[in-house]
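Novice: mmCIF, C-alpha atoms, file model-v6.cif:
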data_data
loop_
_atom_site.label_atom_id
_atom_site.label_comp_id
_atom_site.auth_asym_id
_atom_site.auth_seq_id
_atom_site.Cartn_x
_atom_site.Cartn_y
_atom_site.Cartn_z
CA MET S 1 -83.35 -244.26 81.84
CA LYS S 2 -81.80 -240.82 82.47
CA SER S 3 -79.08 -242.29 84.68
CA THR S 4 -78.27 -244.92 82.01
CA LEU S 5 -78.00 -242.23 79.30
CA ALA S 6 -75.81 -240.11 81.57
CA ALA S 7 -73.53 -243.07 82.23
CA LEU S 8 -73.25 -243.79 78.51
CA PHE S 9 -72.51 -240.11 77.80
CA LEU S 10 -69.75 -240.00 80.41
CA THR S 11 -68.27 -243.23 79.12
CA ALA S 12 -68.19 -241.89 75.58
CA ALA S 13 -66.83 -238.51 76.65
CA CYS S 14 -64.05 -240.07 78.68
CA ALA S 15 -63.05 -242.63 76.06
CA SER S 16 -59.71 -241.96 74.41
CA PRO S 17 -60.12 -240.85 70.76
CA PRO S 18 -58.00 -242.45 68.07
CA ARG S 19 -54.53 -240.96 67.95
CA ALA S 20 -53.90 -238.69 64.94
CA PRO S 21 -50.50 -238.68 63.31
CA ALA S 22 -48.22 -236.19 65.05
CA ALA S 23 -47.84 -232.94 63.11
CA ALA S 24 -44.46 -231.31 62.74
CA PRO S 25 -44.11 -228.46 65.26
CA LEU S 26 -44.29 -224.97 63.83
CA PRO S 27 -41.23 -222.78 64.34
CA LEU S 28 -41.90 -220.20 67.07
CA ASP S 29 -40.68 -216.64 67.12
CA ALA S 30 -38.09 -216.15 69.87
CA ASP S 31 -39.79 -213.05 71.27
CA PHE S 32 -43.09 -214.94 71.39
CA VAL S 33 -41.47 -217.78 73.33
CA ALA S 34 -39.82 -215.34 75.74
CA ALA S 35 -43.11 -213.51 76.35
CA LYS S 36 -44.99 -216.76 77.02
CA ALA S 37 -42.32 -217.81 79.49
CA ARG S 38 -43.16 -214.84 81.70
CA ALA S 39 -46.20 -214.37 83.89
CA PHE S 40 -48.98 -212.39 82.21
CA ASP S 41 -48.51 -208.62 82.17
CA PRO S 42 -51.29 -206.42 80.67
CA ARG S 43 -48.58 -204.34 78.99
CA ASP S 44 -47.74 -207.35 76.80
CA LEU S 45 -51.01 -206.65 74.98
CA GLN S 46 -50.04 -203.10 74.00
CA PRO S 47 -48.01 -204.07 70.88
CA ARG S 48 -50.99 -206.09 69.60
CA LEU S 49 -53.29 -203.06 69.48
CA ILE S 50 -54.79 -202.28 66.09
CA GLY S 51 -55.21 -198.52 65.77
CA ASN S 52 -54.03 -195.65 67.91
CA PRO S 53 -53.73 -195.98 71.69
CA THR S 54 -55.84 -193.76 73.92
CA GLU S 55 -53.52 -190.98 75.08
CA VAL S 56 -53.90 -190.00 78.72
CA LEU S 57 -52.41 -186.87 80.25
CA VAL S 58 -52.55 -186.82 84.05
CA LEU S 59 -52.21 -183.27 85.32
CA GLY S 60 -51.14 -183.27 88.96
CA SER S 61 -52.62 -180.15 90.53
CA LEU S 62 -52.27 -178.41 93.83
CA HIS S 63 -55.65 -177.91 95.48
CA LEU S 64 -56.51 -174.31 94.66
CA SER S 65 -58.52 -174.09 97.87
CA GLY S 66 -55.14 -173.93 99.61
CA THR S 67 -53.97 -170.78 97.79
CA PRO S 68 -53.82 -167.53 99.79
CA ASP S 69 -56.71 -165.09 99.94
CA GLY S 70 -56.87 -162.92 96.86
CA PHE S 71 -55.97 -165.73 94.45
CA ASP S 72 -56.96 -164.72 90.92
CA ALA S 73 -57.87 -167.59 88.57
CA ALA S 74 -56.66 -165.46 85.66
CA VAL S 75 -53.10 -166.63 86.46
CA LEU S 76 -54.13 -170.06 85.14
CA GLU S 77 -54.48 -168.82 81.55
CA PRO S 78 -51.05 -170.05 80.27
CA LEU S 79 -51.81 -173.46 81.82
CA LEU S 80 -55.24 -173.56 80.15
CA GLU S 81 -53.68 -172.65 76.79
CA ARG S 82 -51.27 -175.57 76.95
CA LEU S 83 -53.94 -178.02 78.07
CA ALA S 84 -56.19 -176.81 75.26
CA ALA S 85 -53.35 -177.53 72.80
CA PHE S 86 -53.46 -181.18 73.96
CA LYS S 87 -57.05 -181.21 72.60
CA PRO S 88 -58.62 -183.70 75.01
CA ASP S 89 -61.78 -185.48 73.93
CA LEU S 90 -62.67 -186.21 77.55
CA ILE S 91 -61.76 -184.61 80.88
CA ALA S 92 -61.92 -186.49 84.20
CA ILE S 93 -61.85 -184.77 87.59
CA GLU S 94 -61.23 -185.64 91.23
CA ASN S 95 -64.82 -185.34 92.41
CA LEU S 96 -67.43 -187.83 93.52
CA SER S 97 -70.14 -188.78 91.07
CA GLY S 98 -73.77 -188.61 92.11
CA GLU S 99 -73.80 -192.42 92.14
CA SER S 100 -70.89 -192.50 94.61
CA ILE S 101 -72.50 -189.87 96.83
CA GLN S 102 -75.78 -191.79 96.82
CA SER S 103 -73.98 -195.00 97.77
CA LEU S 104 -72.08 -193.34 100.62
CA LYS S 105 -75.30 -191.84 101.94
CA ALA S 106 -77.12 -195.18 101.72
CA TYR S 107 -74.37 -196.71 103.88
CA GLU S 108 -74.06 -193.76 106.24
CA ALA S 109 -74.00 -196.17 109.19
CA ILE S 110 -70.56 -197.19 107.93
CA TYR S 111 -69.26 -194.01 106.30
CA THR S 112 -70.78 -191.50 108.79
CA ASP S 113 -70.16 -188.05 107.30
CA THR S 114 -68.08 -189.01 104.22
CA ALA S 115 -70.83 -188.04 101.76
CA ALA S 116 -71.32 -184.67 103.42
CA SER S 117 -67.57 -184.03 103.71
CA TYR S 118 -66.71 -184.71 100.07
CA GLY S 119 -70.06 -184.16 98.36
CA GLY S 120 -71.85 -181.65 100.58
CA ARG S 121 -71.72 -178.77 98.09
CA LEU S 122 -72.83 -181.09 95.28
CA LEU S 123 -75.74 -182.31 97.41
CA LYS S 124 -76.76 -178.69 98.05
CA GLY S 125 -76.89 -178.04 94.32
CA ALA S 126 -78.76 -181.30 93.73
CA ALA S 127 -81.42 -180.27 96.24
CA LEU S 128 -81.86 -176.90 94.51
CA ALA S 129 -82.22 -178.56 91.11
CA GLU S 130 -84.49 -181.33 92.37
CA ALA S 131 -86.94 -178.69 93.65
CA GLY S 132 -87.38 -177.44 90.09
CA LEU S 133 -87.22 -180.75 88.22
CA GLY S 134 -88.75 -183.22 90.66
CA LEU S 135 -85.94 -185.71 89.95
CA GLY S 136 -83.61 -187.34 92.47
CA LEU S 137 -79.96 -188.17 91.77
CA PRO S 138 -80.46 -191.49 89.89
CA GLU S 139 -83.44 -190.26 87.85
CA ALA S 140 -81.66 -187.03 86.90
CA GLU S 141 -78.53 -188.95 85.85
CA ALA S 142 -80.61 -191.27 83.66
CA GLU S 143 -82.40 -188.32 82.08
CA ALA S 144 -79.14 -186.41 81.47
CA ARG S 145 -77.72 -189.44 79.66
CA ARG S 146 -80.87 -189.76 77.56
CA VAL S 147 -80.74 -186.07 76.63
CA LEU S 148 -77.06 -186.34 75.64
CA ARG S 149 -77.79 -189.31 73.38
CA GLU S 150 -80.24 -187.11 71.47
CA TRP S 151 -78.23 -183.90 71.78
CA PRO S 152 -78.53 -181.64 68.71
CA ALA S 153 -75.50 -180.26 66.89
CA VAL S 154 -76.58 -176.72 67.76
CA PRO S 155 -78.53 -176.78 71.05
CA THR S 156 -80.65 -173.81 72.06
CA PRO S 157 -79.93 -171.80 75.23
CA ALA S 158 -83.06 -173.35 76.75
CA GLU S 159 -81.69 -176.86 76.08
CA ARG S 160 -78.36 -175.96 77.68
CA ARG S 161 -80.07 -174.50 80.76
CA HIS S 162 -82.21 -177.63 81.11
CA LEU S 163 -79.18 -179.93 80.80
CA ALA S 164 -77.32 -177.81 83.38
CA ALA S 165 -80.24 -178.32 85.77
CA LEU S 166 -80.26 -182.08 85.07
CA PHE S 167 -76.51 -182.44 85.70
CA THR S 168 -76.84 -180.53 88.97
CA ALA S 169 -79.76 -182.66 90.12
CA ALA S 170 -77.61 -185.71 89.32
CA GLY S 171 -74.88 -184.47 91.68
CA ASP S 172 -72.59 -183.40 88.84
CA THR S 173 -72.30 -179.64 89.30
CA HIS S 174 -69.07 -179.41 87.32
CA SER S 175 -70.69 -180.78 84.17
CA ALA S 176 -73.56 -178.37 84.81
CA LEU S 177 -71.03 -175.53 84.84
CA VAL S 178 -69.72 -176.64 81.44
CA GLN S 179 -73.22 -176.11 80.05
CA TRP S 180 -73.73 -172.86 82.01
CA TRP S 181 -70.42 -171.37 80.82
CA ARG S 182 -71.10 -172.39 77.22
CA LEU S 183 -74.14 -170.12 77.31
CA PRO S 184 -73.74 -166.48 76.21
CA GLU S 185 -73.57 -164.40 79.37
CA ALA S 186 -76.97 -162.84 78.61
CA GLU S 187 -78.50 -166.36 78.62
CA ARG S 188 -77.18 -167.32 82.06
CA ILE S 189 -80.56 -166.66 83.59
CA PRO S 190 -83.26 -168.64 85.42
CA GLY S 191 -85.58 -170.82 83.37
CA ASP S 192 -85.93 -174.34 81.92
CA GLY S 193 -85.38 -176.00 85.29
CA VAL S 194 -82.87 -173.44 86.58
CA SER S 195 -84.44 -171.56 89.50
CA PRO S 196 -83.16 -168.15 90.65
CA ASP S 197 -81.52 -169.91 93.60
CA LEU S 198 -79.79 -172.38 91.28
CA ALA S 199 -78.60 -169.58 89.00
CA ALA S 200 -77.11 -167.86 92.06
CA TYR S 201 -75.50 -171.18 93.07
CA PHE S 202 -73.79 -171.39 89.66
CA GLN S 203 -72.56 -167.82 90.00
CA GLN S 204 -70.66 -168.70 93.18
CA TYR S 205 -68.31 -170.82 91.07
CA ASP S 206 -67.06 -167.83 89.09
CA THR S 207 -64.54 -167.04 91.84
CA ARG S 208 -64.59 -170.14 94.06
CA LYS S 209 -61.13 -171.72 94.29
CA ASN S 210 -61.18 -175.27 92.97
CA GLU S 211 -59.29 -176.89 90.10
CA SER S 212 -62.26 -179.03 89.01
CA HIS S 213 -64.09 -175.99 87.72
CA GLN S 214 -61.43 -173.28 87.34
CA ILE S 215 -59.35 -175.63 85.16
CA ALA S 216 -61.45 -178.62 84.08
CA ALA S 217 -64.92 -177.13 83.54
CA ARG S 218 -63.53 -173.89 82.09
CA LEU S 219 -61.36 -175.86 79.68
CA ALA S 220 -64.23 -178.18 78.69
CA ALA S 221 -66.41 -175.17 77.90
CA ARG S 222 -63.60 -173.58 75.88
CA LEU S 223 -63.07 -176.76 73.84
CA GLY S 224 -66.76 -177.32 73.14
CA LEU S 225 -67.11 -180.45 75.28
CA GLU S 226 -70.48 -181.13 76.86
CA ARG S 227 -69.38 -182.40 80.25
CA VAL S 228 -66.59 -183.56 82.55
CA TYR S 229 -66.36 -186.99 84.23
CA PRO S 230 -66.20 -187.30 88.05
CA ALA S 231 -63.77 -190.07 88.99
CA ASP S 232 -63.10 -189.75 92.72
CA ASP S 233 -63.95 -192.55 95.11
CA HIS S 234 -64.12 -192.82 98.90
CA ALA S 235 -65.47 -196.34 99.25
CA ALA S 236 -62.30 -197.37 101.10
CA ASP S 237 -62.68 -194.70 103.80
CA ASP S 238 -64.15 -197.25 106.19
CA VAL S 239 -60.76 -198.99 106.34
CA MET S 240 -59.47 -196.21 108.61
CA THR S 241 -62.59 -195.94 110.78
CA PHE S 242 -60.97 -197.34 113.92
CA ALA S 243 -57.35 -196.48 113.10
CA GLU S 244 -57.33 -192.68 113.40
CA PRO S 245 -55.81 -192.60 116.94
CA ASP S 246 -52.99 -194.85 115.77
CA LEU S 247 -52.38 -192.60 112.75
CA VAL S 248 -52.13 -189.54 115.01
CA ALA S 249 -49.62 -191.44 117.15
CA LEU S 250 -47.60 -192.35 114.06
CA PHE S 251 -47.38 -188.74 112.91
CA GLU S 252 -46.24 -187.66 116.37
CA GLU S 253 -43.66 -190.41 116.44
CA ALA S 254 -42.46 -189.66 112.91
CA GLY S 255 -41.91 -185.99 113.75
CA LEU S 256 -44.45 -184.72 111.24
CA GLN S 257 -43.80 -181.07 112.05
CA SER S 258 -40.08 -181.45 111.37
CA ILE S 259 -40.94 -183.00 108.00
CA ILE S 260 -43.24 -180.09 107.17
CA ASP S 261 -40.58 -177.59 108.28
CA ASP S 262 -37.81 -179.23 106.21
CA PRO S 263 -36.88 -176.69 103.46
CA ALA S 264 -36.38 -179.58 101.02
CA ASN S 265 -40.12 -180.27 101.14
CA ALA S 266 -41.22 -176.65 100.76
CA PRO S 267 -41.71 -176.75 96.95
CA ILE S 268 -44.45 -179.41 97.39
CA ILE S 269 -45.98 -178.35 100.71
CA LYS S 270 -46.06 -174.63 99.89
CA ALA S 271 -46.91 -174.85 96.19
CA GLY S 272 -50.07 -172.81 96.73
CA GLU S 273 -48.00 -169.79 97.74
CA ARG S 274 -46.36 -169.64 94.30
CA MET S 275 -49.47 -168.85 92.29
CA THR S 276 -49.48 -165.05 92.17
CA THR S 277 -48.50 -164.52 88.51
CA PRO S 278 -49.20 -166.48 85.30
CA GLU S 279 -45.51 -167.31 84.93
CA GLN S 280 -45.27 -168.50 88.52
CA ALA S 281 -48.42 -170.61 88.22
CA LEU S 282 -47.22 -172.35 85.07
CA GLU S 283 -43.81 -173.03 86.58
CA THR S 284 -45.48 -174.50 89.68
CA TYR S 285 -47.54 -176.88 87.57
CA ARG S 286 -44.48 -177.87 85.56
CA PHE S 287 -42.64 -178.71 88.77
CA LEU S 288 -45.52 -180.68 90.33
CA ASN S 289 -45.73 -182.86 87.22
CA THR S 290 -42.06 -183.83 87.02
CA PRO S 291 -41.09 -187.43 87.89
CA GLU S 292 -38.80 -185.98 90.56
CA ALA S 293 -41.72 -184.25 92.29
CA GLY S 294 -43.69 -187.50 92.20
CA VAL S 295 -40.87 -189.44 93.79
CA ALA S 296 -40.39 -186.72 96.41
CA ASP S 297 -44.11 -186.68 97.25
CA VAL S 298 -44.19 -190.45 97.71
CA ALA S 299 -41.14 -190.20 99.98
CA LEU S 300 -42.77 -187.35 101.91
CA GLN S 301 -46.18 -188.93 102.48
CA TRP S 302 -45.99 -192.68 102.02
CA GLU S 303 -42.58 -194.19 102.74
CA MET S 304 -43.09 -193.57 106.45
CA MET S 305 -46.11 -195.88 106.28
CA LEU S 306 -43.95 -198.83 105.28
CA ASP S 307 -40.34 -198.34 106.35
CA ARG S 308 -40.97 -198.61 110.12
CA GLN S 309 -43.08 -200.56 112.56
CA THR S 310 -46.22 -198.50 113.13
CA PRO S 311 -48.78 -198.63 115.97
CA ASN S 312 -51.10 -201.60 115.27
CA ASP S 313 -49.81 -201.64 111.68
CA VAL S 314 -51.65 -198.37 110.98
CA GLY S 315 -49.13 -197.50 108.27
CA ARG S 316 -50.04 -200.57 106.26
CA ILE S 317 -53.74 -199.94 106.87
CA ARG S 318 -53.36 -196.36 105.60
CA MET S 319 -51.47 -197.60 102.54
CA ALA S 320 -54.24 -200.08 101.80
CA GLU S 321 -56.80 -197.28 101.89
CA TRP S 322 -54.68 -195.01 99.68
CA GLU S 323 -53.91 -197.64 97.07
CA ALA S 324 -57.52 -198.83 96.97
CA ARG S 325 -58.70 -195.25 96.42
CA ASN S 326 -56.23 -194.73 93.58
CA LEU S 327 -57.19 -198.02 91.95
CA ARG S 328 -60.88 -197.19 92.14
CA GLN S 329 -60.32 -193.75 90.66
CA VAL S 330 -58.29 -195.23 87.83
CA ALA S 331 -61.09 -197.77 87.26
CA HIS S 332 -63.60 -194.91 86.88
CA ILE S 333 -61.27 -193.18 84.41
CA ARG S 334 -60.72 -196.42 82.50
CA GLU S 335 -64.48 -196.86 82.23
CA ALA S 336 -64.93 -193.32 80.91
CA MET S 337 -62.19 -193.94 78.30
CA ALA S 338 -64.46 -196.46 76.62
CA GLU S 339 -66.30 -193.48 75.13
CA VAL S 340 -63.21 -192.25 73.24
CA PRO S 341 -61.09 -195.25 72.12
CA GLY S 342 -58.00 -193.91 70.39
CA GLY S 343 -58.79 -190.40 71.60
CA ARG S 344 -57.22 -188.10 74.16
CA VAL S 345 -58.08 -187.99 77.85
CA LEU S 346 -57.09 -185.33 80.37
CA VAL S 347 -57.21 -186.22 84.05
CA ILE S 348 -57.00 -183.39 86.59
CA VAL S 349 -56.20 -184.72 90.04
CA GLY S 350 -54.36 -183.76 93.23
CA SER S 351 -50.63 -184.03 92.56
CA ALA S 352 -50.19 -186.68 95.28
CA HIS S 353 -52.20 -189.07 93.09
CA LYS S 354 -50.29 -188.45 89.86
CA PRO S 355 -47.39 -190.94 90.28
CA TRP S 356 -49.87 -193.68 91.19
CA PHE S 357 -52.20 -192.83 88.30
CA ASP S 358 -49.33 -192.79 85.79
CA ALA S 359 -48.15 -196.20 87.01
CA TYR S 360 -51.59 -197.83 87.00
CA LEU S 361 -52.81 -196.29 83.73
CA GLY S 362 -49.54 -197.28 82.07
CA MET S 363 -50.52 -200.92 82.59
CA MET S 364 -53.74 -200.65 80.58
CA SER S 365 -53.84 -202.59 77.31
CA ASP S 366 -54.55 -199.70 74.90
CA VAL S 367 -53.34 -196.66 76.84
CA LYS S 368 -50.35 -194.40 76.30
CA VAL S 369 -49.47 -192.11 79.21
CA VAL S 370 -48.43 -188.66 77.97
CA ASP S 371 -45.53 -186.76 79.51
CA ALA S 372 -47.24 -183.88 81.32
CA VAL S 373 -44.07 -181.79 81.53
CA LYS S 374 -43.65 -181.83 77.74
CA ALA S 375 -47.32 -180.95 77.33
CA LEU S 376 -46.78 -177.88 79.52
CA GLU S 377 -43.72 -176.63 77.64
#
Can you present the structure in this file as structure tokens?
Specialist:
Amino acid sequence: MKSTLAALFLTAACASPPRAPAAAPLPLDADFVAAKARAFDPRDLQPRLIGNPTEVLVLGSLHLSGTPDGFDAAVLEPLLERLAAFKPDLIAIENLSGESIQSLKAYEAIYTDTAASYGGRLLKGAALAEAGLGLGLPEAEAEARRVLREWPAVPTPAERRHLAALFTAAGDTHSALVQWWRLPEAERIPGDGVSPDLAAYFQQYDTRKNESHQIAARLAARLGLERVYPADDHAADDVMTFAEPDLVALFEEAGLQSIIDDPANAPIIKAGERMTTPEQALETYRFLNTPEAGVADVALQWEMMLDRQTPNDVGRIRMAEWEARNLRQVAHIREAMAEVPGGRVLVIVGSAHKPWFDAYLGMMSDVKVVDAVKALE
């Protein structure tokens, strides 16, 4: 019976319906026809957006850890003032999330010491906070999100301290610092999940050289934001696991030292040495965020991977890793943007990533990439 019904159904479904009279074709707009003649491009959707695009400013930064001894974060004040004028609703940073660290640790047989290399300090903070809260990384992240959903308009110092502890236990020290630095100085004390050791851990960041807290977390606290958003990703690190010797050989062959010593490359390579005054620091950031600096950085670091035959194709392997990492970071940023449609997003990332981020983010359907140089004027 079932097979007979199925046969009847197929026969009916495949039967040709009666032909309807042909309707007169509608006139088509010429631009519409031209667009449909091309292959799909996500940017074709941008003119169809109802409402304001999400504005994204990618700030290419030098890594402050590379500045000389004696670096004073006070020189960043003019930069912070200009970024504050952009009024971001969300700030993303080049750091691993607790989820990424947990994943890398779970697959340590593949990634060896990647979690420790890029998340070791965050794991140290998480261990200190877990001792007081009894929550591991996933549980602390879930609880931090729950607390934020119910966050009062005027939280108490105790609530801020508790949220700082939760963020730290979740592997997100930089968001914890936003809460810690939003406290009056007299309230930056142990309690509510913050142990004396954890309070001392936070205090280390007052002078530690890193753009994720000296720029991003400081700015978030100044603007009244509750957190920052880690967007880094090292899931492609395994691509290079067996290619390191070939990469060393490539650099020797390419004359890496002569490239480093070339005066034309000094403004990028030695950017950290030009950070001794506020005026110098601002000018350095303006330079690093010009299109010309982006093109020069790509030529300096990446063209050599493609424009010559490399040992066992290590150049192409390295490019695959680099592009995959950039794409994954942009995916994390794109996901975070869903919280502020039509708002403003600031991304603080190593300057080598900026040209790639600008290109990839510029393809998103409701995103407008902001000119960083104009924002820093």
Novice: Separation of CA of Ala109 (chain S) and CA of Leu123 (chain S), in Å?
Specialist: 18.3 Å
Novice: What does the PyMOL selection byres ((chain S and resi 360-372) around 7) select in this file, as a VMD selection string?
Specialist: chain S and resid 42 to 43 45 to 46 49 53 to 59 289 330 356 to 359 373 to 376
Novice: Would you save the residues from that selection as an mmCIF file, keeping the file's coordinate frame, using C-alpha atoms?
Specialist:
data_model
loop_
_atom_site.group_PDB
_atom_site.id
_atom_site.type_symbol
_atom_site.label_atom_id
_atom_site.label_comp_id
_atom_site.auth_asym_id
_atom_site.auth_seq_id
_atom_site.Cartn_x
_atom_site.Cartn_y
_atom_site.Cartn_z
ATOM 1 C CA PRO S 42 -51.290 -206.420 80.670
ATOM 2 C CA ARG S 43 -48.580 -204.340 78.990
ATOM 3 C CA LEU S 45 -51.010 -206.650 74.980
ATOM 4 C CA GLN S 46 -50.040 -203.100 74.000
ATOM 5 C CA LEU S 49 -53.290 -203.060 69.480
ATOM 6 C CA PRO S 53 -53.730 -195.980 71.690
ATOM 7 C CA THR S 54 -55.840 -193.760 73.920
ATOM 8 C CA GLU S 55 -53.520 -190.980 75.080
ATOM 9 C CA VAL S 56 -53.900 -190.000 78.720
ATOM 10 C CA LEU S 57 -52.410 -186.870 80.250
ATOM 11 C CA VAL S 58 -52.550 -186.820 84.050
ATOM 12 C CA LEU S 59 -52.210 -183.270 85.320
ATOM 13 C CA ASN S 289 -45.730 -182.860 87.220
ATOM 14 C CA VAL S 330 -58.290 -195.230 87.830
ATOM 15 C CA TRP S 356 -49.870 -193.680 91.190
ATOM 16 C CA PHE S 357 -52.200 -192.830 88.300
ATOM 17 C CA ASP S 358 -49.330 -192.790 85.790
ATOM 18 C CA ALA S 359 -48.150 -196.200 87.010
ATOM 19 C CA VAL S 373 -44.070 -181.790 81.530
ATOM 20 C CA LYS S 374 -43.650 -181.830 77.740
ATOM 21 C CA ALA S 375 -47.320 -180.950 77.330
ATOM 22 C CA LEU S 376 -46.780 -177.880 79.520
#
Novice: Enter the distance from CA of Asn210 (chain S) to CA of Gly66 (chain S), in Å, rounded to one decimal.
Specialist: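 Interatomic distance here is 9.1 Å.
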Novice: Could you check the closest approach to Trp322 (chain S) for each of S:Ala281, S:Ala235, S:Ser212, S:Glu292 and tell me which residue wins, using all atoms listed in the file?
Specialist: S:Ala235
Novice: For CA of Phe251 (chain S) and CA of Pro263 (chain S), quote the distance in Å rounded to one decimal.
Specialist: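 Computed distance, CA of Phe251 (chain S) to CA of Pro263 (chain S), equals 18.6 Å.
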Novice: Taking (-61.7, -190.1, 81.0) in the file's own coordinates, collect the residues within 6 Å, counting all atoms listed in the file, and hand them back as a compact mmCIF listing (two decimals) with C-alpha atoms, keeping the file's coordinate frame.
Specialist:
# COMPACT_ATOMS: atom_id res chain seq x y z
CA LEU S 90 -62.67 -186.21 77.55
CA ILE S 91 -61.76 -184.61 80.88
CA ALA S 92 -61.92 -186.49 84.20
CA ILE S 333 -61.27 -193.18 84.41
CA ALA S 336 -64.93 -193.32 80.91
CA MET S 337 -62.19 -193.94 78.30
CA VAL S 345 -58.08 -187.99 77.85
Novice: Taking only C-alpha atoms into account, which of S:Leu64, S:Leu80, S:Ala144, S:Ile93 comes nearest Thr276 (chain S)?
Specialist: S:Leu64
